[in-house]
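To start, the structure under review is shown below, and the notes come after it.
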Amino acid sequence: MTILCSRLATISALAALGVAAATGVFAQEKPVAGAIAEGSLKGKTLTFASFGGIFQDGQIAALKEFVDKSGVKLLSDGPTEIAKVQAQVESKNVTWDVVDTADFPPYVHCGTLFQKLDFSKIDTSKIPQGQVSECSVPAMNYGVVLMYNTEKYKDNPPKNWVDFFDTEKFPGVRGIDGSGDFTGGLLEQAFRATGGDPKAMTKNDIATAIKKVHDLGGDTIYWKTGAESQQLAESGEADMLMMWTGRAMTAVKNGAKYTPAWQDWLVVMDQLTIPVGAKDPDAAHALINAYLGKSAQETLTKETSYTPINSEAKPVVDDAVAAFLTNTPERQGQGYQQNIKFWVENFKDASEQWSAMMAGG
């Protein structure tokens with residue numbers, strides 16, 4: 001009788017276990033963006049690397065709740081340089097846990113410098129479509145927008161990037177981002193201005209696009225910093241400017257008589273990554289998941305004026321800032337996303353040709 005009861009108890013326990021498994025009691029819970037387990041990282045240290053300035057200060061402010069709740073000690077470092085990441089990975093002495101990068105690096109170096117993310121630990125459900133890659137999630141959104149001088153063009157303003165490249169119909173000095181790597185979206189628009197289809201671009205078309213940029217003329221200004229682009233607008237030195245939305249907003253707030261042509265504004269996003277060989281990937285994933293939360297993203301926008309990447313975020317900002325946020329239905333419908341796959345595959349060729357043009361080749 002005792003043996004029978006024991007067997008019945010075992011069967012009952014196994015049955016209960018089966019029910020629990022079927023109903024997901026023992027299944028791993030799905031992550032929720034912004035969720036932070038109290039005291040979960042007490043005694044641990046993470047280093048967050050980014051590009052410095054107001055932007056990085058805002059990112060650290062957005063992570064305050066994560067620090068306070070998790071108990072982690074958060075260090076801030078930078079600026080981000082791919083050469084620094086490479087040196088850390090190759091020496092097997094990785095001191096950066098989460099790194100904010102520009103658009104292309106997580107695609108170009110996925111699996112070599114940046115590890116593939118574990119999306120069972122990160123909630124990406126509130127991120128705009130097409131902005132998550134194997135090795136990265138967006139850190140924020142902003143745009144590269146065509147700004148034009150309203151006093152120069154008056155009742156006949158440019159409407160899009162094709163107009164930007166039409167120097168006969170719209171004469172004037174252009175200002176273009178010359179701060180670093182080529183901008184794929186700009187080259188796609190340049191190719192469109194030659195009559196080509198950006199979606200059908202081939203490797204051979206890169207030279208055509210770069211020539212179109214070059215042919216804007218010798219008075220074209222290739223600005224090196226966002227501050228320089230802002231100064232060009234505020235001084236009126238350039239008539240049309242390729243500008244980051246944050247700098248464009250600040251220039252207008254400072255009295256620049258410029259306004260944006262929003263059609264085909266270029267979608268840009270910094271990327272959050274975890275370097276290969278990071279000492280505590282689980283903690284790094286927890287930081288990223290916290291950063292993607294509604295509250296954190298609202299703080300980021302209030303501190304930096306960049307657009308939040310959580311679709312539920314409703315930051316309270318003034319009208320001047322709101323006018324340059326890119327997450328409204330209207331702006332999303334006007335945005336243009338570059339063909340990242342194409343530019344990753346042709347990154348070396350495009351970089352060499354762009355550098356040659358910039359050097360006067």
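Ligands are numbered from 1 in the order shown, residues from 1 within each chain, and chains are lettered A, B, ... in the order they appear in the structure tokens.
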
Taking 2 positions as the minimum chain separation for residues in the same chain, which residues sit within 9 Å of Asn93 of chain A when counting only C-alpha atoms? Answer as a ChimeraX atom specification. /A:87-91,95,277-279

Excluding Ala248 of chain A and residues on its chain fewer than 2 positions from it, collect all residues at most 9 Å away from it, counting only C-alpha atoms, and give them as a PyMOL selection string. chain A and resi 145+147+229-230+233+243-246+250-253+256+258-260+324

I need the residues in segment 139-259 of chain A that are alpha helix (DSSP H) according to DSSP; give them as a ChimeraX atom specification. /A:150-153,161-164,184-193,205-214,226-235,245-253

Show which residues sit within 9 Å of Phe104 of chain A, as a list in words. Count only C-alpha atoms, and ignore same-chain residues fewer than 2 positions away. Thr101, Ala102, Pro106, Tyr107, Val108, His109, Gln271, Ile340, Trp343, Val344 and Phe347 of chain A

Any chance you could export the current selection's C-alpha atoms as a PDB file, in the first residue's frame?
ATOM      1  CA  THR A 101      28.204  53.477 -32.455  1.00  0.00           C
ATOM      2  CA  ALA A 102      27.294  55.117 -35.756  1.00  0.00           C
ATOM      3  CA  PRO A 106      27.403  46.935 -36.171  1.00  0.00           C
ATOM      4  CA  TYR A 107      26.567  45.668 -39.659  1.00  0.00           C
ATOM      5  CA  VAL A 108      30.120  45.744 -40.999  1.00  0.00           C
ATOM      6  CA  HIS A 109      31.634  44.145 -37.873  1.00  0.00           C
ATOM      7  CA  GLN A 271      23.389  51.868 -32.480  1.00  0.00           C
ATOM      8  CA  ILE A 340      22.144  49.332 -45.367  1.00  0.00           C
ATOM      9  CA  TRP A 343      26.373  49.835 -48.325  1.00  0.00           C
ATOM     10  CA  VAL A 344      27.748  47.157 -46.017  1.00  0.00           C
ATOM     11  CA  PHE A 347      31.537  49.791 -47.790  1.00  0.00           C
TER      12      PHE A 347
END

Atom-to-atom span, atom CA of Asp68 of chain A and atom CA of Lys116 of chain A, Å: 27.6 Å

Near segment 154-166 of chain A, 12 Å: segment 192-302 of chain A residue rows, closest pairs, only C-alpha atoms, as a tab-separated table:
residue	atom	partner	partner_atom	distance
A:Arg192	CA	A:Val162	CA	7.0
A:Ala193	CA	A:Val162	CA	4.9
A:Thr194	CA	A:Val162	CA	8.6
A:Gly195	CA	A:Val162	CA	9.5
A:Gly196	CA	A:Val162	CA	11.2
A:Ala209	CA	A:Phe165	CA	10.8
A:Ile210	CA	A:Phe165	CA	11.7
A:Lys211	CA	A:Phe165	CA	11.2
A:Lys212	CA	A:Phe165	CA	7.6
A:Val213	CA	A:Phe165	CA	7.6
A:His214	CA	A:Phe165	CA	10.2
A:Asp215	CA	A:Phe165	CA	8.7
A:Leu216	CA	A:Phe165	CA	6.7
A:Gly217	CA	A:Phe165	CA	10.4
A:Thr220	CA	A:Phe165	CA	11.4
A:Asp239	CA	A:Phe164	CA	10.1
A:Met240	CA	A:Phe164	CA	7.3
A:Leu241	CA	A:Phe164	CA	8.8
A:Met242	CA	A:Phe164	CA	9.2
A:Lys257	CA	A:Lys154	CA	10.8
A:Tyr258	CA	A:Lys154	CA	10.6
A:Thr259	CA	A:Pro157	CA	9.7
A:Pro260	CA	A:Lys159	CA	8.9
A:Ala261	CA	A:Lys159	CA	5.4
A:Trp262	CA	A:Asn160	CA	7.3
A:Gln263	CA	A:Asn160	CA	5.5
A:Asp264	CA	A:Asn160	CA	6.6
A:Trp265	CA	A:Asn160	CA	8.2
A:Leu266	CA	A:Trp161	CA	9.9

If you keep C-alpha atoms, can you produce a file of those selected residues as a PDB file, in the first residue's frame?
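As a result, result-v2.pdb now contains:
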ATOM      1  CA  ARG A 192      18.188  59.420 -58.029  1.00  0.00           C
ATOM      2  CA  ALA A 193      19.014  62.965 -59.187  1.00  0.00           C
ATOM      3  CA  THR A 194      20.887  61.454 -62.156  1.00  0.00           C
ATOM      4  CA  GLY A 195      17.700  59.624 -63.154  1.00  0.00           C
ATOM      5  CA  GLY A 196      18.655  56.337 -61.521  1.00  0.00           C
ATOM      6  CA  ALA A 209      26.450  59.153 -57.298  1.00  0.00           C
ATOM      7  CA  ILE A 210      29.705  60.546 -55.949  1.00  0.00           C
ATOM      8  CA  LYS A 211      30.299  62.453 -59.185  1.00  0.00           C
ATOM      9  CA  LYS A 212      26.866  64.040 -58.773  1.00  0.00           C
ATOM     10  CA  VAL A 213      27.917  65.287 -55.346  1.00  0.00           C
ATOM     11  CA  HIS A 214      31.238  66.505 -56.731  1.00  0.00           C
ATOM     12  CA  ASP A 215      29.464  68.353 -59.551  1.00  0.00           C
ATOM     13  CA  LEU A 216      27.628  70.589 -57.099  1.00  0.00           C
ATOM     14  CA  GLY A 217      30.645  72.811 -57.577  1.00  0.00           C
ATOM     15  CA  THR A 220      30.290  73.506 -51.853  1.00  0.00           C
ATOM     16  CA  ASP A 239      21.898  78.498 -49.011  1.00  0.00           C
ATOM     17  CA  MET A 240      21.002  74.823 -48.668  1.00  0.00           C
ATOM     18  CA  LEU A 241      22.370  72.575 -45.969  1.00  0.00           C
ATOM     19  CA  MET A 242      22.437  68.891 -45.213  1.00  0.00           C
ATOM     20  CA  LYS A 257      16.062  81.918 -41.346  1.00  0.00           C
ATOM     21  CA  TYR A 258      15.975  78.330 -42.519  1.00  0.00           C
ATOM     22  CA  THR A 259      13.261  75.723 -42.742  1.00  0.00           C
ATOM     23  CA  PRO A 260      13.334  72.011 -43.575  1.00  0.00           C
ATOM     24  CA  ALA A 261      12.173  70.245 -46.713  1.00  0.00           C
ATOM     25  CA  TRP A 262      11.001  67.072 -44.988  1.00  0.00           C
ATOM     26  CA  GLN A 263      10.345  64.882 -48.016  1.00  0.00           C
ATOM     27  CA  ASP A 264      12.838  61.989 -48.002  1.00  0.00           C
ATOM     28  CA  TRP A 265      14.605  63.114 -44.847  1.00  0.00           C
ATOM     29  CA  LEU A 266      17.293  60.535 -44.180  1.00  0.00           C
TER      30      LEU A 266
END

Between atom CA of Ile60 of chain A and atom CA of Ser40 of chain A, what is the spacing in Å? 18.8 Å

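One finds atom CA of Asp103 of chain A at 5.6 Å from atom CA of Asp270 of chain A.
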
If we count only C-alpha atoms and set the cut-off at 10 Å, which residues sit around Thr183 of chain A, ignoring sequence neighbours fewer than 4 positions away in its own chain? Please answer as an MDAnalysis selection string. chainID A and resid 103:104 144 176:178 187:188 266 268 338 343 350:351 354

Find the residues near Pro281 of chain A: any atom within 9 Å, counting only C-alpha atoms, skip ones fewer than 6 places away on the same chain, and give them as a PyMOL selection string. chain A and resi 97+274-275

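Using only C-alpha atoms, the nearest neighbour of Leu41 of chain A within the list A:Gln59, A:Asn204, A:Ser120, A:Ser70 is A:Ser70.
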
Leaving out Trp96 of chain A and any residue of its chain fewer than 5 positions from it, which residues lie within 8 Å of it when counting only C-alpha atoms, given as a list in words? Leu46, Thr47, Phe48, Ala49, Asp77, Val85, Pro275 and Ala278 of chain A

Pull N, CA, C and O atoms from the residues just selected and write them as a compact mmCIF listing (two decimals), in the first residue's frame.
# COMPACT_ATOMS: atom_id res chain seq x y z
N LEU A 46 29.52 48.36 -14.83
CA LEU A 46 29.41 48.37 -16.29
C LEU A 46 29.97 49.69 -16.81
O LEU A 46 29.83 50.72 -16.17
N THR A 47 30.59 49.63 -17.99
CA THR A 47 31.09 50.85 -18.63
C THR A 47 30.34 51.08 -19.93
O THR A 47 30.29 50.21 -20.80
N PHE A 48 29.74 52.26 -20.03
CA PHE A 48 28.96 52.66 -21.20
C PHE A 48 29.78 53.65 -22.01
O PHE A 48 30.17 54.71 -21.50
N ALA A 49 30.05 53.32 -23.27
CA ALA A 49 30.85 54.20 -24.13
C ALA A 49 29.97 54.83 -25.20
O ALA A 49 29.16 54.15 -25.83
N ASP A 77 32.39 56.35 -20.60
CA ASP A 77 33.68 56.48 -21.28
C ASP A 77 33.44 56.84 -22.74
O ASP A 77 32.31 56.83 -23.23
N VAL A 85 37.61 49.84 -30.08
CA VAL A 85 36.88 48.58 -29.89
C VAL A 85 37.72 47.42 -30.42
O VAL A 85 37.87 46.37 -29.77
N PRO A 275 30.43 44.61 -27.28
CA PRO A 275 31.63 44.11 -27.93
C PRO A 275 31.83 42.61 -27.71
O PRO A 275 31.43 42.06 -26.67
N ALA A 278 32.97 40.95 -24.14
CA ALA A 278 32.52 41.73 -22.97
C ALA A 278 32.44 40.81 -21.76
O ALA A 278 32.01 39.66 -21.85

Nearest-residue call for Gln334 of chain A, choices A:Lys73, A:Arg247, A:Val267, A:Gly293, using only C-alpha atoms: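 Distance minimum relative to Gln334 of chain A lands on A:Val267.
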
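Look at Asp319 of chain A: the protein and nucleic acid residues within 12 Å of it, using only C-alpha atoms and passing over chain neighbours fewer than 3 places away, are Met249, Val252, Lys253, Ser305, Pro315, Val316, Ala322, Ala323, Phe324 and Leu325 of chain A.
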
Residue selection dump (all heavy atoms) as a PDB file, in the first residue's frame:
ATOM      1  N   MET A 249      17.439  72.237 -35.547  1.00  0.00           N
ATOM      2  CA  MET A 249      16.512  72.791 -34.566  1.00  0.00           C
ATOM      3  C   MET A 249      17.164  73.931 -33.781  1.00  0.00           C
ATOM      4  O   MET A 249      16.581  75.007 -33.605  1.00  0.00           O
ATOM      5  CB  MET A 249      16.065  71.700 -33.599  1.00  0.00           C
ATOM      6  CG  MET A 249      15.201  72.199 -32.456  1.00  0.00           C
ATOM      7  SD  MET A 249      15.305  71.134 -31.006  1.00  0.00           S
ATOM      8  CE  MET A 249      16.999  71.408 -30.491  1.00  0.00           C
ATOM      9  N   VAL A 252      17.582  77.132 -35.867  1.00  0.00           N
ATOM     10  CA  VAL A 252      16.316  77.854 -36.018  1.00  0.00           C
ATOM     11  C   VAL A 252      15.945  78.570 -34.712  1.00  0.00           C
ATOM     12  O   VAL A 252      15.502  79.725 -34.722  1.00  0.00           O
ATOM     13  CB  VAL A 252      15.190  76.891 -36.461  1.00  0.00           C
ATOM     14  CG1 VAL A 252      13.833  77.582 -36.411  1.00  0.00           C
ATOM     15  CG2 VAL A 252      15.465  76.381 -37.877  1.00  0.00           C
ATOM     16  N   LYS A 253      16.148  77.892 -33.576  1.00  0.00           N
ATOM     17  CA  LYS A 253      15.869  78.522 -32.286  1.00  0.00           C
ATOM     18  C   LYS A 253      16.744  79.758 -32.075  1.00  0.00           C
ATOM     19  O   LYS A 253      16.343  80.708 -31.404  1.00  0.00           O
ATOM     20  CB  LYS A 253      16.102  77.515 -31.155  1.00  0.00           C
ATOM     21  CG  LYS A 253      15.028  76.445 -31.056  1.00  0.00           C
ATOM     22  CD  LYS A 253      15.308  75.461 -29.936  1.00  0.00           C
ATOM     23  CE  LYS A 253      15.022  76.033 -28.578  1.00  0.00           C
ATOM     24  NZ  LYS A 253      15.084  74.998 -27.507  1.00  0.00           N
ATOM     25  N   SER A 305      16.950  66.254 -27.027  1.00  0.00           N
ATOM     26  CA  SER A 305      16.104  66.623 -28.173  1.00  0.00           C
ATOM     27  C   SER A 305      16.129  65.597 -29.298  1.00  0.00           C
ATOM     28  O   SER A 305      15.555  65.836 -30.362  1.00  0.00           O
ATOM     29  CB  SER A 305      16.495  67.999 -28.746  1.00  0.00           C
ATOM     30  OG  SER A 305      16.355  68.994 -27.768  1.00  0.00           O
ATOM     31  N   PRO A 315       7.521  62.170 -24.688  1.00  0.00           N
ATOM     32  CA  PRO A 315       8.278  63.187 -23.949  1.00  0.00           C
ATOM     33  C   PRO A 315       7.607  64.549 -24.009  1.00  0.00           C
ATOM     34  O   PRO A 315       7.011  64.921 -25.029  1.00  0.00           O
ATOM     35  CB  PRO A 315       9.619  63.203 -24.700  1.00  0.00           C
ATOM     36  CG  PRO A 315       9.306  62.709 -26.079  1.00  0.00           C
ATOM     37  CD  PRO A 315       8.206  61.701 -25.895  1.00  0.00           C
ATOM     38  N   VAL A 316       7.689  65.262 -22.922  1.00  0.00           N
ATOM     39  CA  VAL A 316       7.136  66.615 -22.865  1.00  0.00           C
ATOM     40  C   VAL A 316       8.244  67.585 -23.253  1.00  0.00           C
ATOM     41  O   VAL A 316       9.223  67.772 -22.525  1.00  0.00           O
ATOM     42  CB  VAL A 316       6.610  66.940 -21.453  1.00  0.00           C
ATOM     43  CG1 VAL A 316       6.084  68.369 -21.399  1.00  0.00           C
ATOM     44  CG2 VAL A 316       5.521  65.948 -21.055  1.00  0.00           C
ATOM     45  N   ALA A 322       9.660  69.785 -30.618  1.00  0.00           N
ATOM     46  CA  ALA A 322       8.654  68.894 -31.214  1.00  0.00           C
ATOM     47  C   ALA A 322       8.641  68.990 -32.733  1.00  0.00           C
ATOM     48  O   ALA A 322       8.413  67.995 -33.431  1.00  0.00           O
ATOM     49  CB  ALA A 322       7.274  69.217 -30.651  1.00  0.00           C
ATOM     50  N   ALA A 323       8.909  70.185 -33.262  1.00  0.00           N
ATOM     51  CA  ALA A 323       8.875  70.388 -34.711  1.00  0.00           C
ATOM     52  C   ALA A 323       9.934  69.585 -35.445  1.00  0.00           C
ATOM     53  O   ALA A 323       9.804  69.317 -36.640  1.00  0.00           O
ATOM     54  CB  ALA A 323       9.055  71.868 -35.025  1.00  0.00           C
ATOM     55  N   PHE A 324      10.995  69.170 -34.717  1.00  0.00           N
ATOM     56  CA  PHE A 324      12.081  68.427 -35.361  1.00  0.00           C
ATOM     57  C   PHE A 324      12.161  66.967 -34.914  1.00  0.00           C
ATOM     58  O   PHE A 324      13.090  66.259 -35.302  1.00  0.00           O
ATOM     59  CB  PHE A 324      13.420  69.130 -35.126  1.00  0.00           C
ATOM     60  CG  PHE A 324      13.618  70.326 -36.024  1.00  0.00           C
ATOM     61  CD1 PHE A 324      13.171  71.582 -35.646  1.00  0.00           C
ATOM     62  CD2 PHE A 324      14.231  70.180 -37.262  1.00  0.00           C
ATOM     63  CE1 PHE A 324      13.342  72.678 -36.481  1.00  0.00           C
ATOM     64  CE2 PHE A 324      14.402  71.273 -38.097  1.00  0.00           C
ATOM     65  CZ  PHE A 324      13.956  72.531 -37.708  1.00  0.00           C
ATOM     66  N   LEU A 325      11.193  66.502 -34.115  1.00  0.00           N
ATOM     67  CA  LEU A 325      11.149  65.079 -33.784  1.00  0.00           C
ATOM     68  C   LEU A 325      10.632  64.310 -34.996  1.00  0.00           C
ATOM     69  O   LEU A 325       9.799  64.814 -35.760  1.00  0.00           O
ATOM     70  CB  LEU A 325      10.258  64.834 -32.565  1.00  0.00           C
ATOM     71  CG  LEU A 325      10.738  65.442 -31.244  1.00  0.00           C
ATOM     72  CD1 LEU A 325       9.783  65.079 -30.111  1.00  0.00           C
ATOM     73  CD2 LEU A 325      12.160  65.000 -30.899  1.00  0.00           C
TER      74      LEU A 325
END

From a DSSP pass on the backbone, collect the residues of segment 143-354 of chain A flagged as strand (DSSP E or B) and hand them back as an MDAnalysis selection string. chainID A and resid 143:149 174:177 221:223 240:244 258:268 271:273 275 307 336

In terms of the shortest atom-to-atom distance over only C-alpha atoms, which of A:Lys294, A:Lys169, A:Lys126, A:Lys92 is closest to Val276 of chain A?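 For Val276 of chain A, the nearest of the candidates is A:Lys92.
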